[in-house]
4 protein chains.
Amino acid sequence: MTASKSQKKLQKRRSIIEAAVKVFAQKGFYNAKVTDVARQAGVADGTIYLYFKNKDDLLISLFEDKMELILQRFHSRLHEITDPLDKLKEMIDVYFELIEEDKDLADVFQVELRQSTKFLKDYHNEKFLNYLNMIADIIYHGIDYGFFRSEVNVHVVKIMIFGALDELARQWILGADDKYNLEQAKEEVKQILVSGLIKF
Amino acid sequence: MTASKSQKKLQKRRSIIEAAVKVFAQKGFYNAKVTDVARQAGVADGTIYLYFKNKDDLLISLFEDKMELILQRFHSRLHEITDPLDKLKEMIDVYFELIEEDKDLADVFQVELRQSTKFLKDYHNEKFLNYLNMIADIIYHGIDYGFFRSEVNVHVVKIMIFGALDELARQWILGADDKYNLEQAKEEVKQILVSGLIKF
Amino acid sequence: MTASKSQKKLQKRRSIIEAAVKVFAQKGFYNAKVTDVARQAGVADGTIYLYFKNKDDLLISLFEDKMELILQRFHSRLHEITDPLDKLKEMIDVYFELIEEDKDLADVFQVELRQSTKFLKDYHNEKFLNYLNMIADIIYHGIDYGFFRSEVNVHVVKIMIFGALDELARQWILGADDKYNLEQAKEEVKQILVSGLIKF
Amino acid sequence: MTASKSQKKLQKRRSIIEAAVKVFAQKGFYNAKVTDVARQAGVADGTIYLYFKNKDDLLISLFEDKMELILQRFHSRLHEITDPLDKLKEMIDVYFELIEEDKDLADVFQVELRQSTKFLKDYHNEKFLNYLNMIADIIYHGIDYGFFRSEVNVHVVKIMIFGALDELARQWILGADDKYNLEQAKEEVKQILVSGLIKF
DNA sequence: AATGAATGAGATTTCATTCAT
DNA sequence: CATGAATGAAATCTCATTCAT
């Protein structure tokens with residue numbers, strides 16, 4: 001009984017987060033009203049506060065929950081690949097898949113995630129660091145296997161890669177231009193990164 | 001007389017923008033109050049509204065004015081360089097110089113501007129496109145001179161480069177980690193991009 | 001339950017309108033602060049905005065609600081009278097009764113409503129037209145019964161009558177002079193109008 | 001020299017009042033901004049305050065100046081007429097002439113004048129009383145000459161007449177209906193008032 | 001647990017008025 | 001005398017959060 005209750009609670013918590021993703025993506029965190037999220041989730045305003053401490057907490061929880069899922073996805077798709085180049089390429093594929101799959105979620109990646117870093121200086125953004133480290137691990141793996149230049153500054157490169165992918169995604173989402181599709185972007189990025197990292 | 005008058009007006013406009021950069025960087029756009037900006041600029045609240053339509057307009061004006069200066073800086077530093085690799089490298093140098101020179105401005109560009117829905121979505125961002133095109137021109141120049149692979153998808157690459165630089169800057173500004181200094185980042189980025197673009 | 005709920009809402013809406021009548025009459029629409037109305041109604045400032053879109057809407061709603069009641073009063077008092085002269089006289093009696101009963105409401109109608117440009121010009125005033133038409137109907141009735149001159153320009157006369165009553169009410173309310181009481185005014189008006197309209 | 005200076009001053013004062021009439025008529029006193037009046041008058045904002053103590057004073061001055069002119073007009077047109085009926089009819093003619101001549105001025109009569117009565121309770125509206133008394137004098141004159149019923153309550157009737165004319169003017173100005181022209185209204189009013197007042 | 005009406009602090013913005021030029 | 005940029009008090013309205021039902 002307690003189990004089913006907590007099951008139900010989790011369910012509702014999730015549906016509020018889902019609503020928040022949608023609303024925050026559409027209006028931005030600051031312009032989104034708690035009422036908007038409540039209406040989207042089909043609950044009363046007050047109900048939000050039974051599941052989250054306040055609006056800020058909702059953003060953080062949203063971020064953590066979603067990031068968790070994303071990290072799982074990366075892990076499950078990458079952990080069996082041993083070839084370093086394949087691993088890097090697969091990571092890029094998974095990234096663009098995620099973007100294509102859920103534009104709203106992508107927006108969370110693009111904008112809210114950014115904010116949250118600063119937003120709460122105290123809040124230590126562990127999930128995001130895990131994400132960056134996953135990229136770092138791919139590079140380290142490539143260096144260990146002798147595919148990538150050993151003098152690569154992994155810390156810098158992981159940020160570079162994240163930034164590059166991120167910005168391509170943003171431009172695609174904003175639809176500011178239709179001069180490229182994600183497929184082309186994907187291939188070009190792979191090409192540049194592989195050439196940039198590989199040892200001759 | 002008219003000249004000195006409009007000179008004075010421009011002066012004040014500029015000082016309000018300078019104040020806004022400082023305040024927005026410190027508190028974030030949404031948490032910064034118009035009063036804060038006014039106090040920082042040493043003017044009355046109402047004065048802000050003699051120079052800007054509203055708070056959003058202040059942010060956008062800030063962006064446009066500053067971007068203008070930045071583009072000028074890039075132009076004056078790059079237009080005489082003909083060697084494609086030097087041109088790319090110099091662009092990266094200028095970029096990081098700008099970041100180092102004015103951390104507050106960098107913060108507003110990197111973080112606060114991303115938060116303004118209006119800015120991101122509604123506002124048609126000509127100055128930003130000019131910036132991206134400047135990067136594109138450097139690549140085209142390299143291709144023309146036969147230094148870069150001719151099949152490079154310039155449109156994708158310019159976004160990649162922008163994103164990579166941007167993210168490195170943001171991470172540095174947020175000071176999330178002090179595992180790298182800008183000097184290291186600069187060199188690593190040059191290395192990767194040159195290797196990634198160059199024709200063998 | 002839904003009924004009692006909406007009952008309660010209506011109750012509060014009404015009490016806000018009642019408070020607005022009092023406050024607007026006392027300070028004038030433009031000088032009255034929303035806070036004043038809220039305090040008078042015993043609610044928080046924000047509550048006003050749960051029931052009315054804005055301050056203007058409060059004034060318009062006040063007018064519509066009250067006018068509705070007034071029209072009902074006229075109707076219930078006049079509809080059974082068939083003698084045209086009695087009908088005209090009763091209308092005048094009811095009018096002055098209303099004024100005497102609620103001086104504050106009268107003031108808002110006579111003075112404050114005139115100030116709201118929006119109200120006077122933009123707002124299409126159906127309720128007010130109903131009111132004028134009620135007067136017109138009384139005249140038509142008198143003409144049909146052969147009591148009033150058949151060549152009377154009803155459209156002009158209804159406005160005249162409205163204006164005359166209205167101004168008498170206003171002067172009485174403003175208390176600019178205490179040279180007459182409503183009773184005297186009532187009789188004089190009846191006398192003049194009847195003599196003015198009657199067929200010999 | 002002092003004379004010509006004060007001549008000039010009067011000129012400018014008058015032009016500011018003229019501007020105020022236009023602006024207040026268009027926007028209403030409360031919605032009109034001092035800047036609007038200044039621009040309309042072709043002077044700087046601050047200049048207004050060289051001629052009037054404040055915005056309220058501008059309204060009062062406007063009212064007094066205009067009322068003065070109006071009273072002069074009535075006087076010059078009525079003082080030579082001795083026949084009471086002609087006098088009453090001429091007054092009505094002059095009234096509608098004034099309305100037709102200057103719609104903006106009419107609006108001042110219709111709306112702003114109203115406000116001013118309450119607007120400043122302290123301010124004793126002498127000019128307006130003069131106006132009402134002019135009407136009263138016409139009635140007294142008619143009674144003295146034995147044309148009008150001697151028991152007429154002049155105080156009430158003067159207000160009635162003012163109200164009736166006023167409302168007809170307002171309805172015509174607002175153009176709410178084009179069901180009557182001023183000519184028709186004029187004749188109807190004369191007819192009713194004469195029949196209402198006359199002694200048999 | 002859920003609701004949603006009510007709260008009230010607080011932010012943006014306006015505009016009458018002043019005063020240095 | 002005239003100007004108009006600057007002021008800053010003050011008002012409307014919003015919205016995160018609470019709490020009685």
# chains A, B, ... in the order shown; residues from 1 in each chain; ligands from 1

$ calpha_fit_rmsd --fixed "chain A" --moving "chain C"
1.1 Å

$ interface_residues --of "chain C" --to "chain E" --cutoff "12 Å" --atoms "only C-alpha atoms (C1' of nucleotides)" --output "CSV table (one decimal) with N, CA and C atoms, in the first residue's frame"
chain,number,residue,atom,x,y,z
C,5,LYS,N,-20.3,28.1,-3.9
C,5,LYS,CA,-19.0,28.7,-4.2
C,5,LYS,C,-19.2,29.9,-5.1
C,6,SER,N,-20.0,29.7,-6.1
C,6,SER,CA,-20.2,30.9,-7.0
C,6,SER,C,-21.0,31.9,-6.4
C,8,LYS,N,-20.6,32.7,-3.2
C,8,LYS,CA,-19.6,33.4,-2.5
C,8,LYS,C,-18.8,34.4,-3.4
C,9,LYS,N,-18.5,33.9,-4.5
C,9,LYS,CA,-17.7,34.7,-5.4
C,9,LYS,C,-18.5,36.0,-5.8
C,12,LYS,N,-18.5,38.4,-3.1
C,12,LYS,CA,-17.3,39.2,-2.9
C,12,LYS,C,-17.2,40.3,-4.1
C,35,THR,N,-5.8,50.5,-3.9
C,35,THR,CA,-5.6,50.2,-2.5
C,35,THR,C,-6.8,50.7,-1.6
C,38,ALA,N,-9.6,48.4,-2.1
C,38,ALA,CA,-9.4,47.1,-1.5
C,38,ALA,C,-9.6,47.2,0.0
C,42,GLY,N,-12.3,45.4,2.4
C,42,GLY,CA,-11.7,44.4,3.3
C,42,GLY,C,-11.0,43.3,2.6
C,43,VAL,N,-10.4,43.5,1.5
C,43,VAL,CA,-9.7,42.5,0.8
C,43,VAL,C,-8.3,43.0,0.5
C,44,ALA,N,-7.4,42.1,0.0
C,44,ALA,CA,-6.1,42.6,-0.4
C,44,ALA,C,-6.1,43.2,-1.8
C,45,ASP,N,-5.2,44.0,-2.1
C,45,ASP,CA,-5.1,44.7,-3.4
C,45,ASP,C,-5.3,43.7,-4.6
C,46,GLY,N,-4.5,42.6,-4.5
C,46,GLY,CA,-4.5,41.7,-5.6
C,46,GLY,C,-5.9,41.0,-5.8
C,47,THR,N,-6.6,40.9,-4.8
C,47,THR,CA,-8.0,40.3,-4.9
C,47,THR,C,-8.8,41.1,-5.9
C,48,ILE,N,-8.7,42.4,-5.9
C,48,ILE,CA,-9.5,43.2,-6.9
C,48,ILE,C,-9.3,42.6,-8.3
C,49,TYR,N,-8.0,42.2,-8.6
C,49,TYR,CA,-7.7,41.8,-9.9
C,49,TYR,C,-8.1,40.3,-10.2
C,50,LEU,N,-8.7,39.7,-9.2
C,50,LEU,CA,-9.3,38.3,-9.4
C,50,LEU,C,-10.7,38.5,-10.0
C,51,TYR,N,-11.2,39.7,-9.7
C,51,TYR,CA,-12.6,39.9,-10.1
C,51,TYR,C,-12.8,40.9,-11.2

$ interface_residues --of "chain F" --to "chain B" --cutoff "9 Å" --atoms "only C-alpha atoms (C1' of nucleotides)" --output "VMD selection string"
chain F and resid 5 to 8

$ write_last_selection --atoms "C-alpha atoms (C1' of nucleotides)" --output "PDB file, in the first residue's frame"
ATOM      1  C1'  DA F   5      16.548  66.802 -19.272  1.00  0.00           C
ATOM      2  C1'  DA F   6      16.226  64.970 -14.996  1.00  0.00           C
ATOM      3  C1'  DT F   7      13.840  63.787 -11.025  1.00  0.00           C
ATOM      4  C1'  DG F   8      11.557  60.518  -7.832  1.00  0.00           C
TER       5       DG F   8
END

$ interface_residues --of "chain C" --to "chain D" --cutoff "9 Å" --atoms "only C-alpha atoms" --output "VMD selection string"
chain C and resid 28 30 111 to 112 114 to 117 120 to 121 152 to 153 155 to 157 159 to 168 171 174 176 179 to 180 184 to 185 188 to 189 191 to 198

$ residues_around --residues "stretch 75-80 of chain A" --least-positions-apart "2" --cutoff "10 Å" --atoms "only C-alpha atoms (C1' of nucleotides)" --output "PyMOL selection string"
chain A and resi 69-73+82-83+86-91+94+134+138

$ write_last_selection --atoms "C-alpha atoms" --output "PDB file, in the first residue's frame"
ATOM      1  CA  LEU A  69      17.802   9.790 -17.883  1.00  0.00           C
ATOM      2  CA  ILE A  70      20.079  11.304 -20.461  1.00  0.00           C
ATOM      3  CA  LEU A  71      23.177   9.979 -18.766  1.00  0.00           C
ATOM      4  CA  GLN A  72      21.594   6.547 -18.617  1.00  0.00           C
ATOM      5  CA  ARG A  73      20.907   6.690 -22.303  1.00  0.00           C
ATOM      6  CA  THR A  82      35.473  -0.251 -27.430  1.00  0.00           C
ATOM      7  CA  ASP A  83      36.717   1.343 -30.601  1.00  0.00           C
ATOM      8  CA  ASP A  86      33.187   4.583 -32.869  1.00  0.00           C
ATOM      9  CA  LYS A  87      32.631   5.632 -29.296  1.00  0.00           C
ATOM     10  CA  LEU A  88      33.082   9.307 -30.118  1.00  0.00           C
ATOM     11  CA  LYS A  89      30.860   9.025 -33.162  1.00  0.00           C
ATOM     12  CA  GLU A  90      28.181   7.140 -31.293  1.00  0.00           C
ATOM     13  CA  MET A  91      28.182   9.789 -28.598  1.00  0.00           C
ATOM     14  CA  VAL A  94      23.087   9.825 -29.418  1.00  0.00           C
ATOM     15  CA  MET A 134      31.397  11.225 -19.861  1.00  0.00           C
ATOM     16  CA  ILE A 138      35.655   9.062 -24.313  1.00  0.00           C
TER      17      ILE A 138
END
